[in-house]
>>> print(open('query-v6.cif').read())   # mmCIF, N, CA and C atoms
data_target
loop_
_atom_site.label_atom_id
_atom_site.label_comp_id
_atom_site.auth_asym_id
_atom_site.auth_seq_id
_atom_site.Cartn_x
_atom_site.Cartn_y
_atom_site.Cartn_z
N MET A 135 82.48 120.33 134.27
CA MET A 135 81.58 121.27 133.66
C MET A 135 81.04 120.69 132.35
N GLN A 136 79.77 120.87 132.14
CA GLN A 136 79.14 120.41 130.90
C GLN A 136 79.57 121.30 129.74
N ILE A 137 79.70 120.72 128.56
CA ILE A 137 80.08 121.47 127.37
C ILE A 137 79.05 122.56 127.10
N SER A 138 77.78 122.27 127.30
CA SER A 138 76.74 123.27 127.05
C SER A 138 76.94 124.50 127.94
N GLU A 139 77.39 124.30 129.18
CA GLU A 139 77.64 125.43 130.08
C GLU A 139 78.82 126.27 129.59
N LEU A 140 79.85 125.61 129.11
CA LEU A 140 81.01 126.33 128.58
C LEU A 140 80.61 127.15 127.35
N ILE A 141 79.79 126.58 126.50
CA ILE A 141 79.31 127.30 125.32
C ILE A 141 78.44 128.49 125.73
N GLU A 142 77.60 128.31 126.74
CA GLU A 142 76.78 129.42 127.26
C GLU A 142 77.67 130.57 127.71
N GLN A 143 78.79 130.24 128.36
CA GLN A 143 79.70 131.29 128.82
C GLN A 143 80.38 131.99 127.64
N ALA A 144 80.67 131.25 126.58
CA ALA A 144 81.24 131.86 125.38
C ALA A 144 80.22 132.79 124.73
N LEU A 145 78.97 132.37 124.69
CA LEU A 145 77.91 133.22 124.14
C LEU A 145 77.78 134.50 124.96
N LYS A 146 77.87 134.40 126.27
CA LYS A 146 77.80 135.58 127.15
C LYS A 146 78.99 136.50 126.89
N ALA A 147 80.18 135.94 126.76
CA ALA A 147 81.38 136.75 126.50
C ALA A 147 81.26 137.49 125.18
N ARG A 148 80.63 136.88 124.22
CA ARG A 148 80.44 137.47 122.88
C ARG A 148 79.71 138.81 122.97
N GLU A 149 78.85 138.97 123.95
CA GLU A 149 78.08 140.20 124.13
C GLU A 149 78.98 141.41 124.40
N SER A 150 80.19 141.19 124.89
CA SER A 150 81.11 142.29 125.21
C SER A 150 82.05 142.64 124.07
N ALA A 151 81.94 141.97 122.94
CA ALA A 151 82.85 142.21 121.82
C ALA A 151 82.84 143.68 121.41
N TYR A 152 84.03 144.19 121.13
CA TYR A 152 84.19 145.57 120.62
C TYR A 152 84.53 145.43 119.14
N ILE A 153 83.54 145.65 118.29
CA ILE A 153 83.66 145.30 116.87
C ILE A 153 83.11 146.40 115.95
N PRO A 154 83.60 147.63 116.08
CA PRO A 154 83.04 148.71 115.26
C PRO A 154 83.38 148.61 113.77
N TYR A 155 84.31 147.76 113.39
CA TYR A 155 84.76 147.69 111.99
C TYR A 155 84.20 146.48 111.26
N SER A 156 84.27 145.32 111.85
CA SER A 156 83.83 144.11 111.15
C SER A 156 82.38 143.74 111.41
N GLY A 157 81.87 144.10 112.59
CA GLY A 157 80.52 143.67 112.96
C GLY A 157 80.43 142.19 113.25
N TRP A 158 81.59 141.53 113.43
CA TRP A 158 81.65 140.08 113.67
C TRP A 158 82.03 139.86 115.14
N ALA A 159 81.07 139.44 115.94
CA ALA A 159 81.27 139.27 117.37
C ALA A 159 81.67 137.84 117.70
N VAL A 160 82.77 137.69 118.45
CA VAL A 160 83.25 136.36 118.85
C VAL A 160 83.39 136.33 120.37
N GLY A 161 83.01 135.21 120.94
CA GLY A 161 83.17 134.97 122.37
C GLY A 161 83.87 133.65 122.58
N ALA A 162 84.65 133.58 123.65
CA ALA A 162 85.35 132.35 124.00
C ALA A 162 85.25 132.12 125.50
N ALA A 163 85.22 130.86 125.87
CA ALA A 163 85.25 130.47 127.29
C ALA A 163 86.29 129.36 127.43
N LEU A 164 87.32 129.66 128.20
CA LEU A 164 88.47 128.77 128.38
C LEU A 164 88.38 128.08 129.73
N LEU A 165 88.45 126.76 129.73
CA LEU A 165 88.34 125.97 130.96
C LEU A 165 89.72 125.52 131.42
N THR A 166 90.04 125.83 132.68
CA THR A 166 91.32 125.41 133.25
C THR A 166 91.21 123.99 133.80
N ALA A 167 92.35 123.40 134.09
CA ALA A 167 92.38 122.04 134.63
C ALA A 167 91.67 121.95 135.98
N ASP A 168 91.66 123.05 136.74
CA ASP A 168 90.99 123.01 138.04
C ASP A 168 89.55 123.54 138.00
N GLY A 169 89.00 123.70 136.80
CA GLY A 169 87.59 124.03 136.67
C GLY A 169 87.22 125.50 136.58
N LYS A 170 88.18 126.39 136.55
CA LYS A 170 87.87 127.82 136.39
C LYS A 170 87.62 128.12 134.92
N VAL A 171 86.80 129.13 134.68
CA VAL A 171 86.51 129.55 133.32
C VAL A 171 86.93 131.01 133.14
N TYR A 172 87.64 131.26 132.05
CA TYR A 172 88.04 132.61 131.68
C TYR A 172 87.38 132.94 130.35
N GLN A 173 86.65 134.05 130.34
CA GLN A 173 85.95 134.47 129.13
C GLN A 173 86.78 135.48 128.36
N GLY A 174 86.56 135.52 127.06
CA GLY A 174 87.21 136.51 126.22
C GLY A 174 86.31 136.88 125.05
N CYS A 175 86.48 138.10 124.56
CA CYS A 175 85.77 138.56 123.37
C CYS A 175 86.78 139.19 122.43
N ASN A 176 86.40 139.35 121.18
CA ASN A 176 87.31 140.02 120.25
C ASN A 176 87.23 141.53 120.47
N ILE A 177 88.39 142.18 120.30
CA ILE A 177 88.53 143.61 120.54
C ILE A 177 89.26 144.19 119.33
N GLU A 178 88.53 144.96 118.52
CA GLU A 178 89.10 145.50 117.29
C GLU A 178 89.79 146.84 117.54
N ASN A 179 90.59 147.23 116.56
CA ASN A 179 91.33 148.48 116.60
C ASN A 179 91.34 149.08 115.20
N ALA A 180 91.27 150.38 115.12
CA ALA A 180 91.21 151.06 113.82
C ALA A 180 92.40 150.72 112.92
N SER A 181 93.55 150.43 113.49
CA SER A 181 94.71 150.09 112.66
C SER A 181 94.84 148.58 112.43
N TYR A 182 93.82 147.83 112.80
CA TYR A 182 93.67 146.38 112.56
C TYR A 182 94.70 145.49 113.23
N THR A 183 95.99 145.72 113.04
CA THR A 183 97.00 144.82 113.60
C THR A 183 96.87 144.63 115.11
N PRO A 184 96.58 145.67 115.90
CA PRO A 184 96.44 145.46 117.35
C PRO A 184 95.16 144.75 117.77
N THR A 185 94.29 144.43 116.83
CA THR A 185 93.06 143.71 117.15
C THR A 185 93.41 142.40 117.86
N ASN A 186 92.60 142.03 118.85
CA ASN A 186 92.84 140.79 119.59
C ASN A 186 91.61 139.89 119.50
N CYS A 187 91.86 138.63 119.22
CA CYS A 187 90.79 137.65 119.10
C CYS A 187 90.25 137.26 120.48
N ALA A 188 89.04 136.74 120.50
CA ALA A 188 88.40 136.31 121.74
C ALA A 188 89.21 135.21 122.44
N GLU A 189 89.74 134.28 121.65
CA GLU A 189 90.47 133.16 122.23
C GLU A 189 91.73 133.65 122.95
N ARG A 190 92.47 134.54 122.30
CA ARG A 190 93.68 135.06 122.93
C ARG A 190 93.35 135.93 124.13
N THR A 191 92.24 136.67 124.06
CA THR A 191 91.83 137.45 125.23
C THR A 191 91.62 136.54 126.42
N ALA A 192 90.92 135.43 126.22
CA ALA A 192 90.68 134.48 127.32
C ALA A 192 91.99 133.88 127.83
N PHE A 193 92.86 133.46 126.92
CA PHE A 193 94.14 132.90 127.34
C PHE A 193 94.98 133.91 128.10
N PHE A 194 95.07 135.12 127.59
CA PHE A 194 95.92 136.13 128.23
C PHE A 194 95.39 136.52 129.60
N LYS A 195 94.06 136.57 129.75
CA LYS A 195 93.48 136.84 131.07
C LYS A 195 93.88 135.72 132.04
N ALA A 196 93.73 134.49 131.60
CA ALA A 196 94.04 133.35 132.47
C ALA A 196 95.52 133.30 132.82
N VAL A 197 96.37 133.43 131.83
CA VAL A 197 97.82 133.36 132.08
C VAL A 197 98.26 134.51 132.98
N SER A 198 97.68 135.69 132.79
CA SER A 198 98.07 136.84 133.62
C SER A 198 97.67 136.65 135.07
N GLU A 199 96.77 135.72 135.33
CA GLU A 199 96.36 135.41 136.70
C GLU A 199 97.01 134.13 137.22
N GLY A 200 98.02 133.64 136.49
CA GLY A 200 98.81 132.51 136.97
C GLY A 200 98.40 131.14 136.47
N GLU A 201 97.37 131.06 135.65
CA GLU A 201 96.93 129.76 135.13
C GLU A 201 97.89 129.27 134.06
N ARG A 202 98.12 127.97 134.04
CA ARG A 202 99.00 127.38 133.03
C ARG A 202 98.50 126.06 132.48
N GLU A 203 97.41 125.51 133.06
CA GLU A 203 96.89 124.22 132.62
C GLU A 203 95.44 124.36 132.17
N PHE A 204 95.19 123.97 130.91
CA PHE A 204 93.88 124.15 130.31
C PHE A 204 93.39 122.85 129.69
N THR A 205 92.07 122.66 129.71
CA THR A 205 91.51 121.43 129.15
C THR A 205 90.72 121.66 127.88
N SER A 206 90.02 122.81 127.77
CA SER A 206 89.19 123.04 126.60
C SER A 206 88.81 124.50 126.45
N ILE A 207 88.31 124.82 125.27
CA ILE A 207 87.81 126.16 124.99
C ILE A 207 86.58 126.03 124.09
N ALA A 208 85.58 126.88 124.35
CA ALA A 208 84.40 126.96 123.50
C ALA A 208 84.47 128.30 122.77
N ILE A 209 84.14 128.29 121.48
CA ILE A 209 84.22 129.49 120.65
C ILE A 209 82.92 129.63 119.87
N VAL A 210 82.35 130.84 119.91
CA VAL A 210 81.16 131.15 119.12
C VAL A 210 81.38 132.49 118.42
N GLY A 211 80.88 132.60 117.22
CA GLY A 211 81.03 133.86 116.51
C GLY A 211 80.00 134.02 115.42
N GLY A 212 79.72 135.27 115.11
CA GLY A 212 78.78 135.57 114.05
C GLY A 212 78.48 137.04 113.99
N LYS A 213 77.61 137.41 113.09
CA LYS A 213 77.24 138.80 112.90
C LYS A 213 76.63 139.36 114.19
N ALA A 214 77.08 140.55 114.57
CA ALA A 214 76.60 141.18 115.79
C ALA A 214 75.08 141.30 115.79
N GLY A 215 74.49 141.05 116.94
CA GLY A 215 73.05 141.17 117.08
C GLY A 215 72.25 139.98 116.60
N GLU A 216 72.95 138.98 116.08
CA GLU A 216 72.28 137.78 115.60
C GLU A 216 72.88 136.55 116.26
N LEU A 217 72.11 135.49 116.35
CA LEU A 217 72.65 134.23 116.85
C LEU A 217 73.61 133.67 115.82
N PRO A 218 74.65 132.97 116.27
CA PRO A 218 75.59 132.38 115.31
C PRO A 218 74.89 131.40 114.37
N THR A 219 75.28 131.45 113.10
CA THR A 219 74.71 130.54 112.11
C THR A 219 75.78 129.66 111.47
N THR A 220 77.05 129.91 111.79
CA THR A 220 78.15 129.11 111.28
C THR A 220 79.08 128.78 112.44
N TYR A 221 79.93 127.80 112.22
CA TYR A 221 80.96 127.47 113.21
C TYR A 221 82.13 128.43 112.99
N CYS A 222 82.66 128.95 114.07
CA CYS A 222 83.74 129.94 114.01
C CYS A 222 85.00 129.33 114.61
N GLY A 223 85.92 128.89 113.77
CA GLY A 223 87.16 128.29 114.24
C GLY A 223 88.20 129.33 114.61
N PRO A 224 89.15 128.96 115.43
CA PRO A 224 90.21 129.89 115.82
C PRO A 224 91.18 130.16 114.67
N CYS A 225 91.68 131.39 114.61
CA CYS A 225 92.66 131.74 113.58
C CYS A 225 94.00 131.05 113.87
N GLY A 226 94.91 131.16 112.95
CA GLY A 226 96.22 130.53 113.11
C GLY A 226 97.00 131.06 114.31
N VAL A 227 96.93 132.36 114.55
CA VAL A 227 97.65 132.94 115.69
C VAL A 227 97.08 132.39 116.99
N CYS A 228 95.77 132.29 117.09
CA CYS A 228 95.16 131.73 118.30
C CYS A 228 95.54 130.26 118.49
N ARG A 229 95.59 129.52 117.41
CA ARG A 229 96.00 128.11 117.51
C ARG A 229 97.43 128.01 118.02
N GLN A 230 98.28 128.93 117.58
CA GLN A 230 99.67 128.92 118.03
C GLN A 230 99.76 129.26 119.52
N VAL A 231 98.93 130.20 120.00
CA VAL A 231 98.90 130.51 121.43
C VAL A 231 98.44 129.27 122.21
N MET A 232 97.44 128.58 121.71
CA MET A 232 96.98 127.36 122.36
C MET A 232 98.12 126.34 122.44
N MET A 233 98.91 126.25 121.38
CA MET A 233 100.02 125.31 121.32
C MET A 233 101.05 125.60 122.41
N GLU A 234 101.18 126.85 122.77
CA GLU A 234 102.14 127.25 123.82
C GLU A 234 101.76 126.68 125.18
N PHE A 235 100.46 126.58 125.44
CA PHE A 235 100.01 126.23 126.79
C PHE A 235 99.28 124.90 126.90
N CYS A 236 98.97 124.25 125.80
CA CYS A 236 98.10 123.08 125.85
C CYS A 236 98.73 121.86 125.19
N ASP A 237 98.33 120.71 125.68
CA ASP A 237 98.73 119.45 125.05
C ASP A 237 97.88 119.28 123.80
N PRO A 238 98.50 119.27 122.62
CA PRO A 238 97.71 119.21 121.39
C PRO A 238 96.88 117.93 121.24
N LYS A 239 97.28 116.87 121.92
CA LYS A 239 96.55 115.61 121.81
C LYS A 239 95.29 115.59 122.67
N THR A 240 95.27 116.37 123.76
CA THR A 240 94.14 116.29 124.68
C THR A 240 93.32 117.58 124.80
N PHE A 241 93.87 118.72 124.42
CA PHE A 241 93.14 119.97 124.53
C PHE A 241 92.01 119.98 123.51
N CYS A 242 90.78 120.25 123.97
CA CYS A 242 89.59 120.21 123.11
C CYS A 242 89.13 121.62 122.74
N ILE A 243 88.79 121.77 121.47
CA ILE A 243 88.26 123.02 120.94
C ILE A 243 86.85 122.74 120.47
N TYR A 244 85.89 123.46 121.08
CA TYR A 244 84.49 123.32 120.70
C TYR A 244 84.09 124.57 119.92
N VAL A 245 83.72 124.40 118.67
CA VAL A 245 83.19 125.50 117.87
C VAL A 245 81.69 125.28 117.82
N ALA A 246 80.94 126.34 118.14
CA ALA A 246 79.51 126.15 118.35
C ALA A 246 78.65 127.22 117.70
N LYS A 247 77.43 126.81 117.39
CA LYS A 247 76.39 127.73 116.99
C LYS A 247 75.46 127.99 118.18
N SER A 248 75.35 126.97 119.04
CA SER A 248 74.51 127.03 120.24
C SER A 248 74.99 125.96 121.21
N PRO A 249 74.47 125.96 122.43
CA PRO A 249 74.87 124.91 123.39
C PRO A 249 74.55 123.50 122.92
N GLU A 250 73.61 123.36 122.00
CA GLU A 250 73.24 122.04 121.50
C GLU A 250 73.89 121.69 120.17
N ASP A 251 74.40 122.68 119.48
CA ASP A 251 74.92 122.49 118.12
C ASP A 251 76.39 122.91 118.08
N TYR A 252 77.27 121.93 118.22
CA TYR A 252 78.70 122.21 118.25
C TYR A 252 79.50 121.07 117.64
N LYS A 253 80.76 121.39 117.34
CA LYS A 253 81.70 120.37 116.87
C LYS A 253 82.91 120.39 117.79
N LYS A 254 83.50 119.22 117.97
CA LYS A 254 84.64 119.08 118.87
C LYS A 254 85.87 118.66 118.08
N TYR A 255 86.99 119.32 118.35
CA TYR A 255 88.27 119.00 117.73
C TYR A 255 89.35 119.01 118.81
N THR A 256 90.41 118.26 118.59
CA THR A 256 91.59 118.44 119.43
C THR A 256 92.44 119.53 118.77
N LEU A 257 93.33 120.11 119.55
CA LEU A 257 94.25 121.10 118.99
C LEU A 257 95.09 120.46 117.89
N GLU A 258 95.48 119.22 118.08
CA GLU A 258 96.28 118.52 117.07
C GLU A 258 95.53 118.42 115.74
N GLU A 259 94.23 118.20 115.80
CA GLU A 259 93.43 118.14 114.57
C GLU A 259 93.39 119.50 113.87
N MET A 260 93.35 120.56 114.67
CA MET A 260 93.27 121.91 114.09
C MET A 260 94.63 122.50 113.74
N LEU A 261 95.68 121.93 114.33
CA LEU A 261 97.03 122.44 114.06
C LEU A 261 97.99 121.26 113.92
N PRO A 262 97.85 120.50 112.83
CA PRO A 262 98.74 119.36 112.65
C PRO A 262 100.18 119.84 112.50
N LEU A 263 101.09 119.08 113.06
CA LEU A 263 102.52 119.42 113.03
C LEU A 263 102.80 120.78 113.67
N GLY A 264 102.01 121.12 114.70
CA GLY A 264 102.20 122.39 115.40
C GLY A 264 103.58 122.48 116.04
N PHE A 265 104.05 123.70 116.17
CA PHE A 265 105.36 123.98 116.77
C PHE A 265 105.12 124.57 118.14
N GLY A 266 105.70 123.95 119.17
CA GLY A 266 105.49 124.42 120.54
C GLY A 266 106.72 124.25 121.41
N PRO A 267 106.55 124.45 122.72
CA PRO A 267 107.66 124.36 123.64
C PRO A 267 108.43 123.04 123.58
N ALA A 268 107.73 121.94 123.33
CA ALA A 268 108.41 120.65 123.25
C ALA A 268 109.42 120.60 122.11
N ASP A 269 109.16 121.35 121.04
CA ASP A 269 110.09 121.39 119.93
C ASP A 269 111.40 122.11 120.28
N LEU A 270 111.34 122.89 121.34
CA LEU A 270 112.53 123.59 121.83
C LEU A 270 113.10 122.92 123.07
N GLY A 271 112.59 121.72 123.39
CA GLY A 271 113.06 120.99 124.56
C GLY A 271 112.62 121.60 125.87
N LYS A 272 111.51 122.33 125.87
CA LYS A 272 111.06 123.02 127.08
C LYS A 272 109.94 122.31 127.81
N LYS A 273 109.37 121.28 127.23
CA LYS A 273 108.32 120.52 127.94
C LYS A 273 108.49 119.07 127.68
#
>>> encode(input="query-v6.cif", output="structure tokens")
Amino acid sequence: MQISELIEQALKARESAYIPYSGWAVGAALLTADGKVYQGCNIENASYTPTNCAERTAFFKAVSEGEREFTSIAIVGGKAGELPTTYCGPCGVCRQVMMEFCDPKTFCIYVAKSPEDYKKYTLEEMLPLGFGPADLGKK
């Protein structure tokens, strides 16, 4: 799959964001090792703590359907009703979820403003010295 296509799917997922408090819409598109894409959007809650990020929504959808191998994720975010004007990186909690399921050296994170304007990072670059299953002798 082309990176531009993955970003397009993240932009589409962003349209479903439930953001009555922040007005900040985020979409994510997670690519599995076998080529499936799982979309996610951010879902806010009045008490804030139960709010779920787009990245975790995509991961939890995929994992709940049996997926365990992922290659990359595209993330877009910005003010609702407007095209993204900044790069929207994953929060620390989302990076930790990625660490649970992904190889930090090879998993790619694309933060984008558009299908043509994006930056690419590995999970290791975004979460140096990350703690994951390997640290517990599980992988």
>>> closest_residue(input="query-v6.cif", among="A:Gln143, A:Gly157, A:Gln230, A:Ala180", to="Ala208 (chain A)", atoms="all atoms listed in the file")
A:Gln143
>>> atom_distance(input="query-v6.cif", atom1="atom N of Ala162 (chain A)", atom2="atom N of Lys272 (chain A)")
29.2 Å
>>> resolve_selection(input="query-v6.cif", expression="the PyMOL selection byres ((chain A and resi 239-245) around 8)", output="MDAnalysis selection string")
chainID A and resid 141 204:211 220:224 236:238 246:248 251:259
>>> resolve_selection(input="query-v6.cif", expression="the PyMOL selection byres ((chain A and resi 215) around 8)", output="PyMOL selection string")
chain A and resi 157-159+212-214+216-218
>>> resolve_selection(input="query-v6.cif", expression="the PyMOL selection byres (((chain A and resi 163-173 and name CA) around 9) and name CA)", output="JSON, numbers by chain")
{"A": [135, 140, 141, 142, 143, 144, 145, 146, 147, 148, 161, 162, 174, 175, 188, 189, 191, 192, 193, 195, 196, 201, 202, 203, 204, 205, 206, 207, 208, 209]}
>>> select_by_dssp(input="query-v6.cif", residues="chain A", states="strand (DSSP E)", output="number ranges by chain")
A: 158-166, 171-175, 204-213, 242-246, 252-256
>>> axis_aligned_box(input="query-v6.cif", around="region 248-254 of chain A", padding_each_side="3 Å", output="AutoDock Vina command-line options")
--center_x 79.6 --center_y 122.8 --center_z 120.1 --size_x 18.6 --size_y 14.4 --size_z 12.5
